[in-house]
Amino acid sequence: MNGLRIILPALTGFTLCVLVVLPAATMARQIDLDAARGFIADHEANVRPLEVAAGLAWWNANVSGKKEDFKRKEEAQNRVDEALADPRKFAMLKPLKTAHANGGLREPLIARQIDLLYLQYLEKQVDPALLKQITAKANAVEESFNVFRAKVDGTEMPDSEVRKVLKESKNSARRRAVWEASKAVGSVVEGDLKALVKLRNAAAVKLGFKNFHALQLFLNEQDGDALLKLFDDLDALTREPFRAAKAEIDEKLAAAYGINPAALMPWHYHDPFFQESPAVFAASLDAPFKNADILDMCRRFYASIGLPIDDVLARSDLYEKKGKSPHAFCTDIDREGDVRVLGNIVPNEYWASTMLHELGHSVYSSKNIPRTMPYVLRAEAHILTTEGIAMMFQRFSKHRSFLEKMGLSVQDAKSFDETAAKVERNELLIFSRWCQVMLRFEKAMYENPEQDLNTLWWDLVEKYQMLKRPAGRSAPDYGSKVHIVSAPVYYHNYMMGQLFASQLHHAIARDVFKGADPRTVLYNGRPEVGKFLVEKVFAPGRTRDWDGLTMLATGERLTPKAFAEDFK
């Protein structure tokens with residue numbers, strides 16, 4: 001008989017023993033719940049400190065670029081991997097996952113933590129030696145990116161200088177030289193990257209998946225077929241509007257360079273990958289930022305919506321220096337509020353947009369997710385939801401009314417508005433096409449890493465971005481995109497984040513601004529926007545998957561509808 005013996009004090013002074021008989025199923029559920037709580041507690045006690053140490057090591061390596069810091073980063077990640085790879089722990093976790101699937105674990109927060117821990121441990125259930133190989137190879141490639149600087153005529157150029165030349169130079173030969181120099185990192189990392197792809201695939205196959213791409217989608221609670229359908233729908237939705245927008249851009253670029261539009265090549269666009277809108281319209285979007293204090297602008301803006309970031313800025317590293325990562329990112333070190341941003345600020349619209357973006361990540365973190373939330377759930381719901389928040393905020397760098405409210409001066413309001421509207425619309429279209437390349441390239445690369453990846457890359461660039469491949473070029477240009485190494489099978493989430501950003505902004509216009517036109521809604525000085533975001537997006541943490549969080553925040557599942565309204 002299954003039962004629970006309870007000892008109660010009796011009124012007459014002697015002990016009364018009552019045998020409460022519980023159904024077997026109830027007892028089993030209680031045992032499962034107790035085991036789940038124990039597993040979660042053990043994870044927090046043993047893995048959490050390792051994750052915090054790895055976060056700090058990762059930060060230090062990206063800030064310094066020093067070999068010894070990258071070595072410490074690799075060692076710290078190996079310790080995390082070793083803990084997660086423990087087969088005894090996974091053997092304890094699997095029946096808890098099964099119990100949840102069979103209707104047990106009826107406490108939602110416990111069940112959700114077990115789901116997420118199962119995915120986290122599953123990824124590491126391969127030979128520890130293989131995990132170390134993957135970490136070492138990824139670390140080596142990432143280090144190569146951090147220390148690489150484009151070199152033209154024997155002179156090294158930081159990333160900001162590369163962007164400046166591509167944005168401003170009218171000399172086609174100079175542009176080509178700088179563009180090709182920026183791509184040279186692909187040749188530096190090509191061998192290690194191909195080896196890394198094979199190692200990642202080997203690990204995925206050992207776990208029962210076709211390849212690493214399929215594994216990553218599973219680990220991120222995404223369905224590959226649904227993802228491709230979404231991107232096919234986006235392709236159909238954006239193809240002709242993009243073609244028309246690009247034709248106008250091409251005409252203006254060609255006139256600026258004194259060439260025929262048919263002669264335009266990838267180096268004639270204003271960034272190395274044509275993922276942003278070239279600055280070809282009447283007004284300069286950089287002009288308002290020439291003498292602006294971008295950090296102060298961001299600080300005052302986020303404070304005005306009730307999401308202050310002073311502590312984040314105090315911990316961050318925000319200007320260029322030798323060896324430091326030339327990119328930008330936000331990281332939550334400990335899920336206890338130690339949130340930091342790495343940047344390389346120069347006074348232009350690109351970096352104003354980037355800082356609004358990264359600081360958007362910072363407010364969607366343990367700064368605003370309740371500390372009462374269990375550690376495992378004290379993070380953003382998904383990659384795409386935090387990217388969506390960041391993208392929603394970054395769009396304001398192109399809104400004159402926003403800039404003027406922040407005290408920045410715009411000289412010719414009409415011209416600025418016309419330019420900004422076109423650039424913002426074009427950026428949505430251009431970025432959607434660029435994301436098509438990244439999604440489809442990574443999928444095909446992991447499905448068949450032995451194919452001619454250079455040809456695959458340019459086939460996709462021609463099809464989706466409508467750029468010409470340089471005649472006779474066979475360099476590994478795909479390898480010059482850092483995300484393929486350091487954030488694999490991630491980029492499609494940027495595009496889904498754009499959809500989330502549009503859908504969430506429309507929900508804010510509807511619910512906070514009482515049905516206002518989303519095109520006119522600004523957040524400056526409106527703390528109720530911050531309150532809405534905290535309640536609807538931040539506070540739930542990871543208690544819901546990305547689909548459930550989207551429903552909670554916007555009232556419907558993720559669709560391209562609001563995004564289409566924004567670019568139209």
# chains A, B, ... in the order shown; residues from 1 in each chain; ligands from 1

$ residues_around --residues "segment 371-383 of chain A" --least-positions-apart "5" --cutoff "7 Å" --atoms "only C-alpha atoms" --output "list in words"
Gln113, Arg335, Tyr364, Ser365, Ser366, Asn493, Phe538, Gly541, Arg542, Thr543, Arg544, Asp545, Trp546 and Leu549 of chain A

$ select_by_dssp --residues "segment 519-549 of chain A" --states "alpha helix (DSSP H)" --output "VMD selection string"
chain A and resid 527 to 533 546 to 549

$ residues_around --residues "segment 182-191 of chain A" --least-positions-apart "2" --cutoff "8 Å" --atoms "only C-alpha atoms" --output "VMD selection string"
chain A and resid 141 144 to 145 148 to 151 162 178 to 180 193 to 195 272 475 to 481

$ residues_around --residues "segment 166-169 of chain A" --least-positions-apart "6" --cutoff "8 Å" --atoms "only C-alpha atoms" --output "PyMOL selection string"
chain A and resi 175+178-179+267-272+278-279

$ closest_residue --among "A:Ala181, A:Ala421, A:Val521, A:Ile110" --to "Ala36 of chain A" --atoms "only C-alpha atoms"
A:Ile110

$ residues_around --residues "Met438 of chain A" --least-positions-apart "5" --cutoff "12 Å" --atoms "only C-alpha atoms" --output "count of residues only"
31

$ closest_residue --among "A:Gln436, A:Lys324, A:Lys229, A:Met496" --to "Glu462 of chain A" --atoms "only C-alpha atoms"
A:Gln436

$ residues_around --residues "Ala85 of chain A" --least-positions-apart "5" --cutoff "8 Å" --atoms "only C-alpha atoms" --output "list in words"
Phe90, Tyr121, Leu122, Lys124, Gln125, Val126 and Pro128 of chain A

$ closest_residue --among "A:Gly407, A:Gly208, A:Gly103, A:Pro326" --to "Met297 of chain A" --atoms "only C-alpha atoms"
A:Gly407

$ closest_residue --among "A:Arg88, A:Lys468, A:Lys531, A:Arg176" --to "Val512 of chain A" --atoms "only C-alpha atoms"
A:Lys531

$ residues_around --residues "Val312 of chain A" --least-positions-apart "6" --cutoff "12 Å" --atoms "only C-alpha atoms" --output "MDAnalysis selection string"
chainID A and resid 295 298:299 302 318 330:333 337:342 355 358:367

$ select_by_dssp --residues "segment 126-252 of chain A" --states "strand (DSSP E or B)" --output "list of chain:residue names"
A:Ala150, A:Lys151, A:Val152, A:Thr155, A:Glu156, A:Met157

$ write_last_selection --atoms "C-alpha atoms" --output "short mmCIF file (atom, residue, chain, number, x, y, z; two decimals), in the first residue's frame"
data_model
loop_
_atom_site.label_atom_id
_atom_site.label_comp_id
_atom_site.auth_asym_id
_atom_site.auth_seq_id
_atom_site.Cartn_x
_atom_site.Cartn_y
_atom_site.Cartn_z
CA ALA A 150 41.78 45.06 -43.04
CA LYS A 151 45.11 46.03 -44.59
CA VAL A 152 45.35 48.28 -47.67
CA THR A 155 48.21 50.12 -43.61
CA GLU A 156 45.80 48.52 -41.14
CA MET A 157 42.26 49.91 -41.04
#

$ closest_residue --among "A:Ala236, A:Leu50, A:Leu119, A:Val280" --to "Ala255 of chain A" --atoms "only C-alpha atoms"
A:Val280

$ closest_atom_pairs --of "segment 449-531 of chain A" --to "segment 394-406 of chain A" --cutoff "12 Å" --atoms "only C-alpha atoms" --output "JSON lines"
{"residue": "A:Gln498", "atom": "CA", "partner": "A:Arg395", "partner_atom": "CA", "distance": 10.4}
{"residue": "A:Ala501", "atom": "CA", "partner": "A:Arg395", "partner_atom": "CA", "distance": 9.6}
{"residue": "A:Ser502", "atom": "CA", "partner": "A:Arg395", "partner_atom": "CA", "distance": 10.2}
{"residue": "A:His505", "atom": "CA", "partner": "A:Arg395", "partner_atom": "CA", "distance": 10.8}
{"residue": "A:Arg519", "atom": "CA", "partner": "A:His399", "partner_atom": "CA", "distance": 10.0}
{"residue": "A:Thr520", "atom": "CA", "partner": "A:Ser401", "partner_atom": "CA", "distance": 9.2}
{"residue": "A:Val521", "atom": "CA", "partner": "A:Phe402", "partner_atom": "CA", "distance": 9.6}
{"residue": "A:Leu522", "atom": "CA", "partner": "A:Phe402", "partner_atom": "CA", "distance": 6.6}
{"residue": "A:Tyr523", "atom": "CA", "partner": "A:Phe402", "partner_atom": "CA", "distance": 8.2}
{"residue": "A:Asn524", "atom": "CA", "partner": "A:Phe402", "partner_atom": "CA", "distance": 7.0}
{"residue": "A:Gly525", "atom": "CA", "partner": "A:Lys405", "partner_atom": "CA", "distance": 9.0}

$ decode --residues "segment 296-330 of chain A" --atoms "N, CA, C and O atoms" --output "tab-separated table (two decimals), in the first residue's frame"
chain	number	residue	atom	x	y	z
A	296	ASP	N	24.92	59.83	-23.85
A	296	ASP	CA	24.02	60.65	-23.03
A	296	ASP	C	22.61	60.62	-23.61
A	296	ASP	O	21.63	60.56	-22.87
A	297	MET	N	22.51	60.65	-24.94
A	297	MET	CA	21.20	60.55	-25.58
A	297	MET	C	20.51	59.25	-25.17
A	297	MET	O	19.33	59.24	-24.78
A	298	CYS	N	21.23	58.14	-25.25
A	298	CYS	CA	20.66	56.84	-24.88
A	298	CYS	C	20.30	56.80	-23.40
A	298	CYS	O	19.23	56.30	-23.02
A	299	ARG	N	21.18	57.33	-22.56
A	299	ARG	CA	20.93	57.33	-21.13
A	299	ARG	C	19.64	58.07	-20.80
A	299	ARG	O	18.79	57.58	-20.05
A	300	ARG	N	19.48	59.27	-21.38
A	300	ARG	CA	18.29	60.07	-21.08
A	300	ARG	C	17.03	59.43	-21.65
A	300	ARG	O	15.96	59.47	-21.04
A	301	PHE	N	17.14	58.83	-22.84
A	301	PHE	CA	15.96	58.20	-23.44
A	301	PHE	C	15.46	57.03	-22.60
A	301	PHE	O	14.27	56.97	-22.25
A	302	TYR	N	16.35	56.12	-22.26
A	302	TYR	CA	15.89	54.95	-21.50
A	302	TYR	C	15.38	55.34	-20.11
A	302	TYR	O	14.42	54.75	-19.61
A	303	ALA	N	16.00	56.34	-19.50
A	303	ALA	CA	15.49	56.83	-18.22
A	303	ALA	C	14.08	57.39	-18.38
A	303	ALA	O	13.22	57.21	-17.50
A	304	SER	N	13.81	58.05	-19.51
A	304	SER	CA	12.52	58.70	-19.72
A	304	SER	C	11.38	57.71	-19.88
A	304	SER	O	10.21	58.07	-19.73
A	305	ILE	N	11.69	56.47	-20.23
A	305	ILE	CA	10.62	55.47	-20.35
A	305	ILE	C	10.63	54.51	-19.15
A	305	ILE	O	10.01	53.44	-19.20
A	306	GLY	N	11.34	54.91	-18.10
A	306	GLY	CA	11.32	54.13	-16.87
A	306	GLY	C	12.23	52.92	-16.87
A	306	GLY	O	12.05	52.01	-16.06
A	307	LEU	N	13.22	52.91	-17.78
A	307	LEU	CA	14.15	51.79	-17.86
A	307	LEU	C	15.59	52.33	-17.83
A	307	LEU	O	16.33	52.27	-18.81
A	308	PRO	N	16.05	52.88	-16.70
A	308	PRO	CA	17.37	53.51	-16.63
A	308	PRO	C	18.50	52.52	-16.87
A	308	PRO	O	18.40	51.34	-16.52
A	309	ILE	N	19.61	53.02	-17.45
A	309	ILE	CA	20.72	52.15	-17.86
A	309	ILE	C	22.06	52.65	-17.31
A	309	ILE	O	23.11	52.19	-17.77
A	310	ASP	N	22.06	53.57	-16.35
A	310	ASP	CA	23.32	54.14	-15.84
A	310	ASP	C	24.29	53.06	-15.38
A	310	ASP	O	25.50	53.14	-15.62
A	311	ASP	N	23.76	52.04	-14.69
A	311	ASP	CA	24.64	50.98	-14.18
A	311	ASP	C	25.25	50.17	-15.31
A	311	ASP	O	26.41	49.74	-15.25
A	312	VAL	N	24.50	49.97	-16.39
A	312	VAL	CA	25.03	49.25	-17.55
A	312	VAL	C	26.18	50.03	-18.18
A	312	VAL	O	27.25	49.48	-18.47
A	313	LEU	N	25.97	51.33	-18.39
A	313	LEU	CA	27.01	52.16	-19.00
A	313	LEU	C	28.27	52.18	-18.14
A	313	LEU	O	29.39	52.16	-18.67
A	314	ALA	N	28.11	52.17	-16.84
A	314	ALA	CA	29.27	52.21	-15.95
A	314	ALA	C	30.13	50.96	-16.08
A	314	ALA	O	31.34	51.01	-15.87
A	315	ARG	N	29.53	49.83	-16.44
A	315	ARG	CA	30.28	48.57	-16.55
A	315	ARG	C	30.75	48.28	-17.97
A	315	ARG	O	31.46	47.30	-18.21
A	316	SER	N	30.34	49.10	-18.94
A	316	SER	CA	30.55	48.78	-20.35
A	316	SER	C	31.89	49.27	-20.88
A	316	SER	O	32.59	50.06	-20.22
A	317	ASP	N	32.26	48.80	-22.07
A	317	ASP	CA	33.49	49.20	-22.76
A	317	ASP	C	33.07	49.62	-24.17
A	317	ASP	O	32.68	48.78	-24.98
A	318	LEU	N	33.15	50.93	-24.48
A	318	LEU	CA	32.35	51.45	-25.58
A	318	LEU	C	33.12	52.15	-26.70
A	318	LEU	O	32.50	52.64	-27.65
A	319	TYR	N	34.46	52.17	-26.62
A	319	TYR	CA	35.21	52.86	-27.68
A	319	TYR	C	36.32	51.97	-28.21
A	319	TYR	O	36.80	51.05	-27.54
A	320	GLU	N	36.75	52.26	-29.43
A	320	GLU	CA	37.73	51.43	-30.13
A	320	GLU	C	39.08	51.38	-29.42
A	320	GLU	O	39.52	52.38	-28.84
A	321	LYS	N	39.70	50.20	-29.48
A	321	LYS	CA	41.08	50.07	-29.05
A	321	LYS	C	41.66	48.79	-29.66
A	321	LYS	O	40.91	47.88	-30.06
A	322	LYS	N	42.95	48.75	-29.76
A	322	LYS	CA	43.63	47.66	-30.44
A	322	LYS	C	43.34	46.33	-29.74
A	322	LYS	O	43.38	46.23	-28.52
A	323	GLY	N	43.06	45.30	-30.53
A	323	GLY	CA	42.83	43.97	-30.00
A	323	GLY	C	41.40	43.70	-29.61
A	323	GLY	O	40.96	42.55	-29.57
A	324	LYS	N	40.64	44.74	-29.32
A	324	LYS	CA	39.26	44.59	-28.88
A	324	LYS	C	38.37	44.17	-30.05
A	324	LYS	O	38.62	44.51	-31.21
A	325	SER	N	37.34	43.42	-29.75
A	325	SER	CA	36.37	43.05	-30.78
A	325	SER	C	35.85	44.31	-31.48
A	325	SER	O	35.45	45.27	-30.81
A	326	PRO	N	35.84	44.33	-32.82
A	326	PRO	CA	35.37	45.53	-33.53
A	326	PRO	C	33.86	45.62	-33.65
A	326	PRO	O	33.34	46.52	-34.30
A	327	HIS	N	33.16	44.69	-33.05
A	327	HIS	CA	31.71	44.63	-33.22
A	327	HIS	C	30.99	45.21	-31.98
A	327	HIS	O	31.56	46.01	-31.26
A	328	ALA	N	29.77	44.82	-31.78
A	328	ALA	CA	29.00	45.31	-30.63
A	328	ALA	C	28.14	44.18	-30.10
A	328	ALA	O	27.62	43.37	-30.87
A	329	PHE	N	28.00	44.11	-28.79
A	329	PHE	CA	27.12	43.11	-28.20
A	329	PHE	C	26.77	43.52	-26.77
A	329	PHE	O	27.42	44.39	-26.18
A	330	CYS	N	25.74	42.88	-26.25
A	330	CYS	CA	25.35	43.05	-24.85
A	330	CYS	C	25.40	41.68	-24.20
A	330	CYS	O	25.04	40.68	-24.83
